[in-house]
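To be precise, the following lines are upload_36.cif, and they hold mmCIF, C-alpha atoms.
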data_entry
loop_
_atom_site.label_atom_id
_atom_site.label_comp_id
_atom_site.auth_asym_id
_atom_site.auth_seq_id
_atom_site.Cartn_x
_atom_site.Cartn_y
_atom_site.Cartn_z
CA MET J 1471 -30.60 31.59 68.50
CA LYS J 1472 -31.23 32.37 64.84
CA GLU J 1473 -29.40 35.40 63.45
CA SER J 1474 -32.71 37.18 62.66
CA ALA J 1475 -33.81 36.80 66.29
CA LYS J 1476 -30.85 38.92 67.46
CA THR J 1477 -31.74 41.89 65.28
CA PRO J 1478 -34.74 44.25 65.31
CA PRO J 1479 -37.74 43.01 63.26
CA HIS J 1480 -36.95 43.61 59.62
CA TRP J 1481 -40.30 45.25 58.85
CA MET J 1482 -39.89 47.75 61.70
CA GLU J 1483 -36.42 48.67 60.53
CA SER J 1484 -37.61 49.06 56.91
CA LEU J 1485 -40.53 51.20 58.04
CA LEU J 1486 -38.24 53.48 60.04
CA GLU J 1487 -35.87 53.74 57.08
CA ARG J 1488 -38.73 54.81 54.83
CA LEU J 1489 -39.94 57.31 57.41
CA LEU J 1490 -36.65 59.11 58.01
CA PRO J 1491 -35.06 61.62 55.61
CA ALA J 1492 -32.02 60.36 53.70
CA GLN J 1493 -29.50 62.60 55.48
CA THR J 1494 -30.19 61.14 58.96
CA ARG J 1495 -31.55 57.70 58.08
CA GLU J 1496 -28.33 55.72 58.29
CA GLU J 1497 -27.07 56.96 61.65
CA ILE J 1498 -30.43 56.79 63.44
CA VAL J 1499 -31.30 53.28 62.22
CA GLY J 1500 -27.73 52.16 62.94
CA ASP J 1501 -27.77 53.62 66.46
CA LEU J 1502 -31.08 51.93 67.27
CA ARG J 1503 -29.91 48.60 65.87
CA GLU J 1504 -26.68 48.74 67.84
CA GLU J 1505 -28.40 49.50 71.12
CA TYR J 1506 -31.07 46.87 70.44
CA ILE J 1507 -28.49 44.13 69.87
CA GLU J 1508 -25.96 45.11 72.50
CA SER J 1509 -28.05 46.17 75.47
CA VAL J 1510 -31.84 46.08 75.05
CA LEU J 1511 -32.32 42.52 73.78
CA PRO J 1512 -30.01 40.82 76.33
CA GLN J 1513 -31.58 42.77 79.21
CA ARG J 1514 -35.29 42.77 78.30
CA GLY J 1515 -35.97 39.80 76.06
CA ARG J 1516 -37.42 39.70 72.55
CA LEU J 1517 -40.94 41.03 73.15
CA ARG J 1518 -39.97 43.96 75.34
CA ALA J 1519 -37.02 44.76 73.10
CA ASN J 1520 -39.36 44.92 70.10
CA LEU J 1521 -41.69 47.21 72.04
CA TRP J 1522 -38.69 49.39 72.89
CA TYR J 1523 -37.77 49.55 69.20
CA ALA J 1524 -41.33 50.40 68.16
CA ARG J 1525 -41.54 53.15 70.81
CA ASN J 1526 -38.26 54.67 69.66
CA ALA J 1527 -39.28 54.47 66.00
CA LEU J 1528 -42.59 56.18 66.77
CA SER J 1529 -40.79 59.01 68.58
CA PHE J 1530 -39.53 60.17 65.15
CA VAL J 1531 -43.03 60.60 63.74
CA PRO J 1532 -43.57 64.18 65.08
CA LYS J 1533 -40.16 65.21 63.72
CA VAL J 1534 -40.93 63.77 60.30
CA LEU J 1535 -44.39 65.35 60.20
CA ARG J 1536 -43.00 68.72 61.23
CA GLU J 1537 -40.30 68.68 58.59
CA SER J 1538 -42.17 67.03 55.76
CA LYS J 1539 -43.52 68.87 52.75
CA THR J 1540 -46.92 67.33 53.41
CA MET J 1541 -47.43 69.37 56.57
CA ALA J 1542 -46.43 72.60 54.84
CA THR J 1543 -48.73 71.81 51.94
CA LEU J 1544 -51.54 70.97 54.34
CA LEU J 1545 -51.16 74.27 56.17
CA VAL J 1546 -51.09 76.28 52.98
CA GLY J 1547 -54.00 74.31 51.54
CA CYS J 1548 -56.11 74.82 54.69
CA SER J 1549 -55.21 78.53 54.82
CA VAL J 1550 -56.22 79.06 51.20
CA LEU J 1551 -59.41 77.05 51.66
CA THR J 1552 -60.34 79.07 54.76
CA ALA J 1553 -59.60 82.30 52.90
CA ILE J 1554 -61.95 81.19 50.12
CA CYS J 1555 -64.64 80.30 52.69
CA MET J 1556 -64.28 83.71 54.34
CA GLY J 1557 -64.52 85.41 50.95
CA TRP J 1558 -67.62 83.41 50.17
CA LEU J 1559 -69.18 84.34 53.54
CA ALA J 1560 -68.43 88.00 52.86
CA SER J 1561 -70.18 87.79 49.50
CA MET J 1562 -73.17 86.05 51.14
CA GLU J 1563 -73.36 88.87 53.70
CA MET J 1564 -73.46 91.36 50.88
CA VAL J 1565 -76.24 89.46 49.11
CA LEU J 1566 -78.40 88.83 52.19
CA ARG J 1567 -77.82 92.23 53.84
CA HIS J 1568 -78.94 91.27 57.35
CA ALA J 1569 -78.60 93.83 60.14
CA GLY J 1570 -74.94 94.64 60.85
CA PHE J 1571 -73.75 92.95 57.67
CA GLY J 1572 -71.12 95.62 57.01
CA THR J 1573 -69.07 94.82 60.12
CA ARG J 1574 -69.32 91.07 59.57
CA MET J 1575 -68.34 91.46 55.95
CA ALA J 1576 -65.31 93.57 56.86
CA LEU J 1577 -64.26 90.95 59.43
CA ASP J 1578 -64.66 88.14 56.90
CA VAL J 1579 -62.50 89.99 54.37
CA CYS J 1580 -59.85 90.75 57.02
CA PHE J 1581 -59.62 87.11 58.05
CA ALA J 1582 -59.51 85.98 54.42
CA LEU J 1583 -56.56 88.32 53.84
CA LEU J 1584 -54.79 87.14 57.00
CA CYS J 1585 -55.20 83.51 55.95
CA LEU J 1586 -53.68 84.34 52.57
CA VAL J 1587 -50.78 86.12 54.31
CA THR J 1588 -50.24 83.00 56.46
CA ALA J 1589 -50.19 80.82 53.34
CA TYR J 1590 -47.79 83.23 51.61
CA PHE J 1591 -45.29 83.22 54.48
CA ARG J 1592 -45.44 79.45 54.82
CA MET J 1593 -44.81 79.07 51.12
CA ARG J 1594 -41.95 81.56 51.20
CA SER J 1595 -40.18 79.57 53.92
CA SER J 1596 -40.08 76.50 51.68
CA PRO J 1597 -39.89 77.77 48.10
CA ARG J 1598 -38.97 74.40 46.64
CA THR J 1599 -42.46 73.12 47.28
CA ARG J 1600 -44.21 76.14 45.76
CA SER J 1601 -45.18 74.51 42.47
CA GLU J 1602 -46.38 71.43 44.31
CA MET J 1603 -48.48 73.61 46.63
CA CYS J 1604 -50.00 75.49 43.70
CA LEU J 1605 -51.01 72.21 42.14
CA ARG J 1606 -52.62 70.99 45.36
CA GLY J 1607 -54.24 74.38 45.93
CA GLY J 1608 -55.77 74.10 42.45
CA GLY J 1609 -57.07 70.66 43.36
CA LEU J 1610 -58.63 72.01 46.56
CA LEU J 1611 -60.31 74.85 44.63
CA THR J 1612 -61.80 72.37 42.19
CA ILE J 1613 -63.19 70.30 45.07
CA LEU J 1614 -64.57 73.41 46.77
CA PHE J 1615 -66.37 74.71 43.70
CA GLY J 1616 -67.63 71.21 42.92
CA ALA J 1617 -69.04 70.91 46.44
CA GLN J 1618 -70.58 74.37 46.23
CA ALA J 1619 -72.42 73.39 43.07
CA PHE J 1620 -74.07 70.54 44.96
CA VAL J 1621 -74.98 72.55 48.06
CA HIS J 1622 -77.55 74.91 46.57
CA ASN J 1623 -78.97 76.04 49.88
CA ALA J 1624 -75.59 76.52 51.55
CA ARG J 1625 -76.49 80.12 52.34
CA ALA J 1626 -78.59 78.88 55.23
CA ALA J 1627 -75.71 77.00 56.82
CA HIS J 1628 -74.42 78.84 59.86
CA PHE J 1629 -70.84 77.76 59.91
CA GLU J 1630 -69.25 81.19 60.30
CA GLY J 1631 -68.18 80.28 63.83
CA PHE J 1632 -66.36 77.16 62.72
CA VAL J 1633 -64.61 78.93 59.88
CA PHE J 1634 -63.69 81.75 62.25
CA VAL J 1635 -62.09 79.34 64.75
CA ILE J 1636 -60.28 77.45 61.99
CA SER J 1637 -58.89 80.66 60.52
CA LEU J 1638 -57.69 81.79 63.96
CA LEU J 1639 -55.97 78.44 64.60
CA LEU J 1640 -54.31 78.50 61.18
CA MET J 1641 -53.03 82.01 61.75
CA ALA J 1642 -51.73 81.10 65.20
CA GLN J 1643 -49.93 78.08 63.76
CA GLY J 1644 -48.48 80.15 60.94
CA MET J 1645 -47.28 82.89 63.30
CA LEU J 1646 -45.79 80.33 65.67
CA MET J 1647 -43.87 78.76 62.79
CA GLN J 1648 -42.59 82.14 61.66
CA LEU J 1649 -41.56 83.10 65.21
CA THR J 1650 -39.75 79.79 65.76
CA LEU J 1651 -37.93 79.97 62.44
CA GLY J 1652 -37.10 83.63 63.06
CA ARG J 1653 -35.75 82.94 66.53
CA ILE J 1654 -33.47 80.15 65.36
CA GLY J 1655 -32.21 82.36 62.54
CA GLU J 1656 -31.60 85.29 64.90
CA ASN J 1657 -29.69 83.14 67.39
CA HIS J 1658 -27.57 81.75 64.61
CA SER J 1659 -26.68 85.13 63.11
CA ARG J 1660 -26.02 86.62 66.55
CA LEU J 1661 -23.61 83.83 67.45
CA GLN J 1662 -21.96 83.90 64.02
CA ALA J 1663 -21.39 87.65 64.37
CA LYS J 1664 -19.30 87.19 67.53
CA MET S 1185 -33.33 86.58 77.61
CA ALA S 1186 -34.82 85.08 74.43
CA ASP S 1187 -31.32 84.17 73.30
CA LEU S 1188 -30.61 81.85 76.22
CA LEU S 1189 -30.35 78.14 75.55
CA GLY S 1190 -33.22 76.02 76.79
CA THR S 1191 -32.77 73.31 79.44
CA PHE S 1192 -32.93 70.55 76.85
CA GLU S 1193 -30.42 72.23 74.54
CA GLN S 1194 -28.06 72.82 77.47
CA SER S 1195 -28.40 69.21 78.51
CA VAL S 1196 -27.59 67.97 74.97
CA LEU S 1197 -24.57 70.26 74.65
CA LEU S 1198 -23.25 69.33 78.10
CA SER S 1199 -23.74 65.65 77.34
CA ILE S 1200 -21.65 66.04 74.16
CA LEU S 1201 -18.94 67.84 76.12
CA GLY S 1202 -18.98 65.13 78.79
CA LEU S 1203 -18.72 62.29 76.28
CA GLY S 1204 -15.80 63.87 74.43
CA GLU S 1205 -14.73 61.69 71.49
CA GLU S 1206 -17.55 59.20 72.08
CA ALA S 1207 -20.44 61.63 71.54
CA TYR S 1208 -22.82 59.95 69.09
CA GLY S 1209 -26.63 59.88 69.02
CA ARG S 1210 -27.56 57.13 71.49
CA ALA S 1211 -24.72 57.95 73.91
CA ILE S 1212 -25.89 61.58 73.95
CA LEU S 1213 -29.48 60.45 74.53
CA ASN S 1214 -28.40 58.33 77.50
CA GLY S 1215 -26.38 61.25 78.86
CA VAL S 1216 -29.38 63.58 78.57
CA GLN S 1217 -31.62 61.05 80.32
CA GLU S 1218 -29.10 60.75 83.11
CA SER S 1219 -28.72 64.49 83.59
CA LEU S 1220 -32.43 65.29 83.38
CA GLN S 1221 -33.34 62.14 85.33
CA ARG S 1222 -36.25 61.31 83.10
CA GLU S 1223 -37.09 59.30 80.00
CA VAL S 1224 -36.38 61.30 76.85
CA SER S 1225 -37.60 60.40 73.36
CA ALA S 1226 -35.01 59.61 70.73
CA GLY S 1227 -36.82 61.82 68.24
CA ALA S 1228 -36.47 64.85 70.51
CA VAL S 1229 -32.72 64.35 70.96
CA TYR S 1230 -31.97 63.80 67.26
CA SER S 1231 -34.15 66.80 66.32
CA THR S 1232 -32.28 68.97 68.83
CA LEU S 1233 -28.94 67.78 67.48
CA GLU S 1234 -30.01 68.65 63.94
CA ARG S 1235 -31.22 72.08 65.04
CA LEU S 1236 -28.04 72.79 67.01
CA GLU S 1237 -25.95 71.78 64.02
CA ALA S 1238 -27.99 74.01 61.72
CA SER S 1239 -27.43 76.87 64.18
CA GLY S 1240 -23.68 76.22 64.13
CA LEU S 1241 -23.51 75.29 67.82
CA VAL S 1242 -22.32 71.75 67.12
CA THR S 1243 -20.44 70.09 64.30
CA SER S 1244 -20.56 66.47 63.27
CA LYS S 1245 -18.64 63.92 61.26
CA LEU S 1246 -19.56 60.48 59.99
CA ALA S 1247 -17.50 57.43 60.93
CA ALA S 1248 -17.50 54.05 59.21
CA GLY S 1249 -20.21 51.61 60.24
CA THR S 1250 -19.62 48.35 62.08
CA ALA S 1251 -21.10 44.89 61.52
CA VAL S 1252 -23.42 45.19 64.52
CA ARG S 1253 -24.92 48.34 62.96
CA GLY S 1254 -25.46 46.53 59.67
CA GLY S 1255 -22.67 48.61 58.14
CA ARG S 1256 -24.47 51.88 58.83
CA ALA S 1257 -22.35 54.93 59.60
CA ARG S 1258 -22.19 56.53 63.04
CA ARG S 1259 -22.29 60.31 63.44
CA TYR S 1260 -20.07 61.87 66.09
CA TYR S 1261 -20.82 65.33 67.45
CA THR S 1262 -18.52 68.05 68.80
CA VAL S 1263 -19.52 71.31 70.48
CA ALA S 1264 -18.33 74.21 68.31
CA ALA S 1265 -16.79 77.41 69.70
CA THR S 1266 -20.14 79.19 69.27
CA GLY S 1267 -21.79 76.39 71.26
CA ARG S 1268 -19.33 76.77 74.13
CA ARG S 1269 -19.90 80.52 74.09
CA ALA S 1270 -23.66 80.05 74.13
CA LEU S 1271 -23.35 77.70 77.11
CA SER S 1272 -21.17 80.17 79.02
CA GLU S 1273 -23.55 83.02 78.27
CA THR S 1274 -26.52 80.99 79.42
CA ARG S 1275 -24.75 79.97 82.61
CA ARG S 1276 -23.70 83.54 83.34
CA ALA S 1277 -27.19 84.86 82.72
CA LEU S 1278 -28.84 82.21 84.88
CA THR S 1279 -26.36 82.79 87.71
CA ALA S 1280 -27.09 86.53 87.52
CA ILE S 1281 -30.83 85.90 87.59
CA TRP S 1282 -30.59 83.60 90.61
CA SER S 1283 -28.09 85.63 92.62
CA ASN S 1284 -29.71 87.41 95.57
CA VAL S 1285 -32.83 85.28 95.19
CA LYS S 1286 -33.94 83.25 98.16
CA LEU S 1287 -36.96 81.06 97.83
CA PRO S 1288 -39.28 80.94 100.86
CA ALA S 1289 -38.38 77.29 101.53
CA GLU S 1290 -34.66 78.11 101.64
CA GLU S 1291 -35.19 81.07 103.96
CA ARG S 1292 -36.98 78.89 106.51
CA SER S 1293 -34.28 76.18 106.55
#
Now that the file is in, can you turn its structure into structure tokens?
Amino acid sequence: MKESAKTPPHWMESLLERLLPAQTREEIVGDLREEYIESVLPQRGRLRANLWYARNALSFVPKVLRESKTMATLLVGCSVLTAICMGWLASMEMVLRHAGFGTRMALDVCFALLCLVTAYFRMRSSPRTRSEMCLRGGGLLTILFGAQAFVHNARAAHFEGFVFVISLLLMAQGMLMQLTLGRIGENHSRLQAK
Amino acid sequence: MADLLGTFEQSVLLSILGLGEEAYGRAILNGVQESLQREVSAGAVYSTLERLEASGLVTSKLAAGTAVRGGRARRYYTVAATGRRALSETRRALTAIWSNVKLPAEERS
């Protein structure tokens, strides 16, 4: 058997190495390689062993997504965008002045503020990415205003419901993140105190 | 109650304790699978190990890599004193919760 046939496919290994953060890359890739060579390949054969490797490599995707800056940036970007949409809806309510516009306007403003609070807390939990987030937020704003310029009759679009649901989901995600981070921190400090 | 360790965390910590000096990533994963009697994703185990280490419940040290690993280092884990305490607390709390409780199925038998 050729030497390369005894090891995991090179491209899969390289892909996993690129996916994982530097501090855990070596041990995880090494562990998988060791198990692949010593037990999986002899027991299951090449094809099934490769499938095993791919499945294990894919199991790290949620972890990487959760910890990556991209996800944090995405959450902040979406929160800011939703806040802008809610602000815009509030201004439209004020212009159109349909029956009951006051309540709807107040709700829009409240949700816009809550979305901004979500974005603020998410940014505060990863301050190193703040400048990057500001840059991306600026990009999103540019896109939004560009799109608004094209959609002249956007006032007629009834997408309040969608924006409302999105803002609720974003807030729930933000709160969940804060609670999880808070709980881990509390546990740690409680145990350290003993 | 919010401070109790979850089932998965307990399983990881107990697996490390059971493996002793040989507690590294894949061995811990196999131990967890054995104790929970189900397939467990590698990502979940490594994430839990990272989280436990960040919380100070486990400590780790890197050992030199071997040829079969392509020279990559292996990380060995040890349960810290805080981890042992957390396990004891969880066990004590769960025992207290379950004492004097009889499920309907048990009462009939």
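Once the PyMOL selection byres ((chain S and resi 1212-1224) around 7) is applied to the depicted file, the selected set reads S:Ser1195, S:Val1196, S:Ser1199, S:Ile1200, S:Ala1207, S:Tyr1208, S:Gly1209, S:Arg1210, S:Ala1211, S:Ser1225, S:Ala1226, S:Val1229.
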### Task
Could you give me, as JSON, numbers by chain, the residues within 10 Å of stretch 1249-1258 of chain S, counting only C-alpha atoms and dropping anything in the same chain fewer than 3 positions from it?
{"J": [1477, 1495, 1496, 1497, 1498, 1499, 1500, 1501, 1502, 1503, 1504, 1505, 1506, 1507, 1508], "S": [1208, 1209, 1245, 1246, 1261]}
File dump, residues just selected, C-alpha atoms, as a compact mmCIF listing (two decimals), keeping the file's coordinate frame:
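Saved result, out-v6.txt, follows:
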# COMPACT_ATOMS: atom_id res chain seq x y z
CA THR J 1477 -31.74 41.89 65.28
CA ARG J 1495 -31.55 57.70 58.08
CA GLU J 1496 -28.33 55.72 58.29
CA GLU J 1497 -27.07 56.96 61.65
CA ILE J 1498 -30.43 56.79 63.44
CA VAL J 1499 -31.30 53.28 62.22
CA GLY J 1500 -27.73 52.16 62.94
CA ASP J 1501 -27.77 53.62 66.46
CA LEU J 1502 -31.08 51.93 67.27
CA ARG J 1503 -29.91 48.60 65.87
CA GLU J 1504 -26.68 48.74 67.84
CA GLU J 1505 -28.40 49.50 71.12
CA TYR J 1506 -31.07 46.87 70.44
CA ILE J 1507 -28.49 44.13 69.87
CA GLU J 1508 -25.96 45.11 72.50
CA TYR S 1208 -22.82 59.95 69.09
CA GLY S 1209 -26.63 59.88 69.02
CA LYS S 1245 -18.64 63.92 61.26
CA LEU S 1246 -19.56 60.48 59.99
CA TYR S 1261 -20.82 65.33 67.45
### Message
For the PyMOL selection byres ((chain S and resi 1189) around 10), applied here, can you spell out every residue it catches as a PyMOL selection string?
### Response
(chain J and resi 1657) or (chain S and resi 1185-1188+1190-1195+1197+1267+1270-1271+1273-1275)
### Query
If the PyMOL selection byres ((chain S and resi 1227) around 9) is run on the structure shown, which residues does it catch, given as a list in words?
Asn1526, Ala1527, Leu1528, Ser1529, Phe1530, Val1531, Pro1532 and Lys1533 of chain J; Val1224, Ser1225, Ala1226, Ala1228, Val1229, Tyr1230, Ser1231 and Thr1232 of chain S
### Task
Mind giving me the straight-line distance from atom CA of J:Val1565 to atom CA of J:Leu1586 in Å, one decimal?
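Here the two named atoms are 23.4 Å from each other.
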#### Entry: Interatomic distance (Å, one decimal) between atom CA of J:Thr1552 and atom CA of J:Leu1577
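Computed distance, atom CA of J:Thr1552 to atom CA of J:Leu1577, equals 13.4 Å.
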### Query
Which value, in Å to one decimal, gives the distance between atom CA of J:Ala1589 and atom CA of J:Ser1561?
21.5 Å
### Message
Calculated over all atoms listed in the file, which of the candidates J:Met1482, J:Arg1514, J:Gly1557, J:Arg1525 has the smallest distance to chain S?
### Response
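Selected residue with least distance to chain S: J:Arg1525.
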#### Entry: Among listed residues S:Glu1237, S:Thr1266, S:Ser1244, S:Glu1205, nearest chain J (using only C-alpha atoms)
S:Thr1266
